[in-house]
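Coordinates as given in upload.pdb (PDB, C-alpha atoms):
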```pdb
ATOM      1  CA  MET A  22     138.199 111.995  72.925  1.00  0.00           C
ATOM      2  CA  GLN A  23     138.492 114.643  70.222  1.00  0.00           C
ATOM      3  CA  PRO A  24     136.971 113.884  66.808  1.00  0.00           C
ATOM      4  CA  PRO A  25     139.631 113.170  64.167  1.00  0.00           C
ATOM      5  CA  ASN A  26     140.130 115.463  61.179  1.00  0.00           C
ATOM      6  CA  ALA A  27     139.708 114.145  57.640  1.00  0.00           C
ATOM      7  CA  VAL A  28     140.110 115.424  54.100  1.00  0.00           C
ATOM      8  CA  ASN A  29     136.848 115.946  52.204  1.00  0.00           C
ATOM      9  CA  GLU A  30     136.528 114.034  48.954  1.00  0.00           C
ATOM     10  CA  ASP A  31     134.338 115.492  46.168  1.00  0.00           C
ATOM     11  CA  ASN A  32     133.248 112.049  44.969  1.00  0.00           C
ATOM     12  CA  PRO A  33     129.559 111.595  45.933  1.00  0.00           C
ATOM     13  CA  GLU A  34     130.191 107.944  46.834  1.00  0.00           C
ATOM     14  CA  GLN A  35     132.875 109.012  49.299  1.00  0.00           C
ATOM     15  CA  LEU A  36     132.078 110.124  52.808  1.00  0.00           C
ATOM     16  CA  SER A  37     131.839 113.854  53.453  1.00  0.00           C
ATOM     17  CA  ASN A  38     134.307 115.423  55.855  1.00  0.00           C
ATOM     18  CA  LEU A  39     131.874 115.165  58.776  1.00  0.00           C
ATOM     19  CA  GLU A  40     130.889 111.608  57.825  1.00  0.00           C
ATOM     20  CA  GLU A  41     134.527 110.509  57.611  1.00  0.00           C
ATOM     21  CA  ARG A  42     135.407 112.121  60.930  1.00  0.00           C
ATOM     22  CA  LEU A  43     132.313 110.602  62.586  1.00  0.00           C
ATOM     23  CA  PHE A  44     133.048 107.165  61.129  1.00  0.00           C
ATOM     24  CA  GLU A  45     136.633 107.261  62.439  1.00  0.00           C
ATOM     25  CA  TRP A  46     135.361 108.387  65.851  1.00  0.00           C
ATOM     26  CA  LEU A  47     132.875 105.511  65.873  1.00  0.00           C
ATOM     27  CA  ARG A  48     135.616 103.041  64.947  1.00  0.00           C
ATOM     28  CA  ARG A  49     137.840 104.286  67.779  1.00  0.00           C
ATOM     29  CA  SER A  50     135.080 104.387  70.385  1.00  0.00           C
ATOM     30  CA  ASP A  51     133.178 101.664  72.205  1.00  0.00           C
ATOM     31  CA  PHE A  52     129.528 102.428  71.485  1.00  0.00           C
ATOM     32  CA  GLU A  53     128.806  98.731  71.623  1.00  0.00           C
ATOM     33  CA  THR A  54     129.295  98.756  75.385  1.00  0.00           C
ATOM     34  CA  VAL A  55     128.591 102.438  76.065  1.00  0.00           C
ATOM     35  CA  ALA A  56     125.250 103.731  74.810  1.00  0.00           C
ATOM     36  CA  TRP A  57     125.332 106.156  71.867  1.00  0.00           C
ATOM     37  CA  SER A  58     124.473 109.806  72.559  1.00  0.00           C
ATOM     38  CA  THR A  59     123.700 112.043  69.598  1.00  0.00           C
ATOM     39  CA  ALA A  60     123.811 115.094  71.872  1.00  0.00           C
ATOM     40  CA  LYS A  61     127.347 114.247  73.029  1.00  0.00           C
ATOM     41  CA  ALA A  62     128.468 113.561  69.454  1.00  0.00           C
ATOM     42  CA  ALA A  63     127.045 116.896  68.278  1.00  0.00           C
ATOM     43  CA  LYS A  64     128.876 118.676  71.084  1.00  0.00           C
ATOM     44  CA  ALA A  65     132.161 116.879  70.308  1.00  0.00           C
ATOM     45  CA  PHE A  66     131.929 117.767  66.606  1.00  0.00           C
ATOM     46  CA  LYS A  67     130.517 121.252  67.267  1.00  0.00           C
ATOM     47  CA  VAL A  68     127.533 120.694  64.961  1.00  0.00           C
ATOM     48  CA  LYS A  69     123.775 120.382  65.410  1.00  0.00           C
ATOM     49  CA  GLN A  70     122.241 117.033  66.347  1.00  0.00           C
ATOM     50  CA  ASP A  71     120.428 116.898  62.995  1.00  0.00           C
ATOM     51  CA  GLN A  72     123.810 116.982  61.248  1.00  0.00           C
ATOM     52  CA  ILE A  73     124.952 113.984  63.305  1.00  0.00           C
ATOM     53  CA  TYR A  74     121.753 112.085  62.451  1.00  0.00           C
ATOM     54  CA  ASP A  75     122.217 112.900  58.748  1.00  0.00           C
ATOM     55  CA  ALA A  76     125.885 111.873  58.820  1.00  0.00           C
ATOM     56  CA  LEU A  77     125.100 108.629  60.638  1.00  0.00           C
ATOM     57  CA  ALA A  78     122.370 107.813  58.110  1.00  0.00           C
ATOM     58  CA  ALA A  79     124.736 108.581  55.214  1.00  0.00           C
ATOM     59  CA  ILE A  80     127.420 106.304  56.674  1.00  0.00           C
ATOM     60  CA  THR A  81     124.949 103.423  56.862  1.00  0.00           C
ATOM     61  CA  LYS A  82     124.175 103.908  53.157  1.00  0.00           C
ATOM     62  CA  LYS A  83     127.767 104.434  51.997  1.00  0.00           C
ATOM     63  CA  LYS A  84     129.459 101.826  54.242  1.00  0.00           C
ATOM     64  CA  PRO A  85     126.717  99.307  55.074  1.00  0.00           C
ATOM     65  CA  LYS A  86     129.199  96.477  55.617  1.00  0.00           C
ATOM     66  CA  ASN A  87     131.256  98.556  58.065  1.00  0.00           C
ATOM     67  CA  ILE A  88     128.630  99.785  60.512  1.00  0.00           C
ATOM     68  CA  GLN A  89     125.909  98.271  62.661  1.00  0.00           C
ATOM     69  CA  ILE A  90     123.350 100.253  64.634  1.00  0.00           C
ATOM     70  CA  TYR A  91     121.096  98.455  67.064  1.00  0.00           C
ATOM     71  CA  PHE A  92     118.770  99.093  69.994  1.00  0.00           C
ATOM     72  CA  GLN A  93     119.345  97.156  73.210  1.00  0.00           C
ATOM     73  CA  ASP A  94     118.039  97.646  76.748  1.00  0.00           C
ATOM     74  CA  GLY A  95     116.520 101.017  75.868  1.00  0.00           C
ATOM     75  CA  ASN A  96     119.730 102.392  74.346  1.00  0.00           C
ATOM     76  CA  LEU A  97     121.132 102.882  70.876  1.00  0.00           C
ATOM     77  CA  HIS A  98     124.476 101.180  70.196  1.00  0.00           C
ATOM     78  CA  VAL A  99     126.812 101.597  67.234  1.00  0.00           C
ATOM     79  CA  ALA A 100     129.552  99.267  66.049  1.00  0.00           C
ATOM     80  CA  ALA A 101     131.907 100.317  63.238  1.00  0.00           C
ATOM     81  CA  GLU A 102     134.933  98.660  61.672  1.00  0.00           C
TER
END
```
Written as structure tokens, how would this file's structure read?
Amino acid sequence: MQPPNAVNEDNPEQLSNLEERLFEWLRRSDFETVAWSTAKAAKAFKVKQDQIYDALAAITKKKPKNIQIYFQDGNLHVAAE
């Protein structure tokens, strides 16, 4: 699945372009069943893993009611709506 494109908003409360694209990708994917892979996300978005970690952390701050990250059976899982 290719990451979706999004328009960057200059409002600091809004998600950045990468955050918005990552959030939409999370919503469309099934990382509740399939374990999350930061390395695969970084490759899909053509960015460094640290940028994915930063974007994921920012999403949890900016949209806390729309994302859940949890650890189960040795794997990280992400649910977004």
Next on the checklist: Show me, as a VMD selection string, the residues that have an atom within 10 Å of A:Glu53 when counting only C-alpha atoms, minus same-chain residues fewer than 5 positions from it.
Outcome noted: chain A and resid 47 89 to 91 93 97 to 101
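Distances here use only C-alpha atoms; by that measure, the residue among A:Ala76, A:Gln70, A:Asn38, A:Glu102 closest to A:Ile88 is A:Glu102.
Nearest-residue note for A:Arg48: choosing from A:Asn87, A:Asp94, A:Ala62, A:Leu36, the minimum distance belongs to A:Asn87, counting all atoms listed in the file.
For the pair atom CA of A:Ala56 and atom CA of A:Ser37, the separation is 24.5 Å.
From atom CA of A:Arg42 back to atom CA of A:Ala65, the distance works out to 11.0 Å.
Across the chains present, the PyMOL selection byres ((chain A and resi 60) around 12) applied to this file returns Ala56, Trp57, Ser58, Thr59, Lys61, Ala62, Ala63, Lys64, Ala65, Phe66, Lys67, Val68, Lys69, Gln70, Asp71, Gln72, Ile73 and Tyr74 of chain A.
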Take the residues that were just selected and, keeping C-alpha atoms, output them as an mmCIF file, keeping the file's coordinate frame.
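Produced file again-v7.cif, reproduced below:
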```cif
data_model
loop_
_atom_site.group_PDB
_atom_site.id
_atom_site.type_symbol
_atom_site.label_atom_id
_atom_site.label_comp_id
_atom_site.auth_asym_id
_atom_site.auth_seq_id
_atom_site.Cartn_x
_atom_site.Cartn_y
_atom_site.Cartn_z
ATOM 1 C CA ALA A 56 125.250 103.731 74.810
ATOM 2 C CA TRP A 57 125.332 106.156 71.867
ATOM 3 C CA SER A 58 124.473 109.806 72.559
ATOM 4 C CA THR A 59 123.700 112.043 69.598
ATOM 5 C CA LYS A 61 127.347 114.247 73.029
ATOM 6 C CA ALA A 62 128.468 113.561 69.454
ATOM 7 C CA ALA A 63 127.045 116.896 68.278
ATOM 8 C CA LYS A 64 128.876 118.676 71.084
ATOM 9 C CA ALA A 65 132.161 116.879 70.308
ATOM 10 C CA PHE A 66 131.929 117.767 66.606
ATOM 11 C CA LYS A 67 130.517 121.252 67.267
ATOM 12 C CA VAL A 68 127.533 120.694 64.961
ATOM 13 C CA LYS A 69 123.775 120.382 65.410
ATOM 14 C CA GLN A 70 122.241 117.033 66.347
ATOM 15 C CA ASP A 71 120.428 116.898 62.995
ATOM 16 C CA GLN A 72 123.810 116.982 61.248
ATOM 17 C CA ILE A 73 124.952 113.984 63.305
ATOM 18 C CA TYR A 74 121.753 112.085 62.451
#
```
Once 5 Å is added on each side, what centre and edge lengths in Å to one decimal does the axis-aligned box around all listed atoms of stretch 60-79 of chain A have, as JSON?
```
{"center_x": 126.3, "center_y": 114.5, "center_z": 64.1, "size_x": 21.7, "size_y": 23.4, "size_z": 27.8}
```
Next on the checklist: Just to confirm, what's the straight-line distance from atom CA of A:Asp51 to atom CA of A:Leu77 in Å (one decimal)?
Outcome noted: 15.7 Å
Checklist entry - Smallest atom-to-atom distance to A:Leu39: which of A:Asp75, A:Lys86, A:Phe92, A:Thr81, using only C-alpha atoms? => result A:Asp75
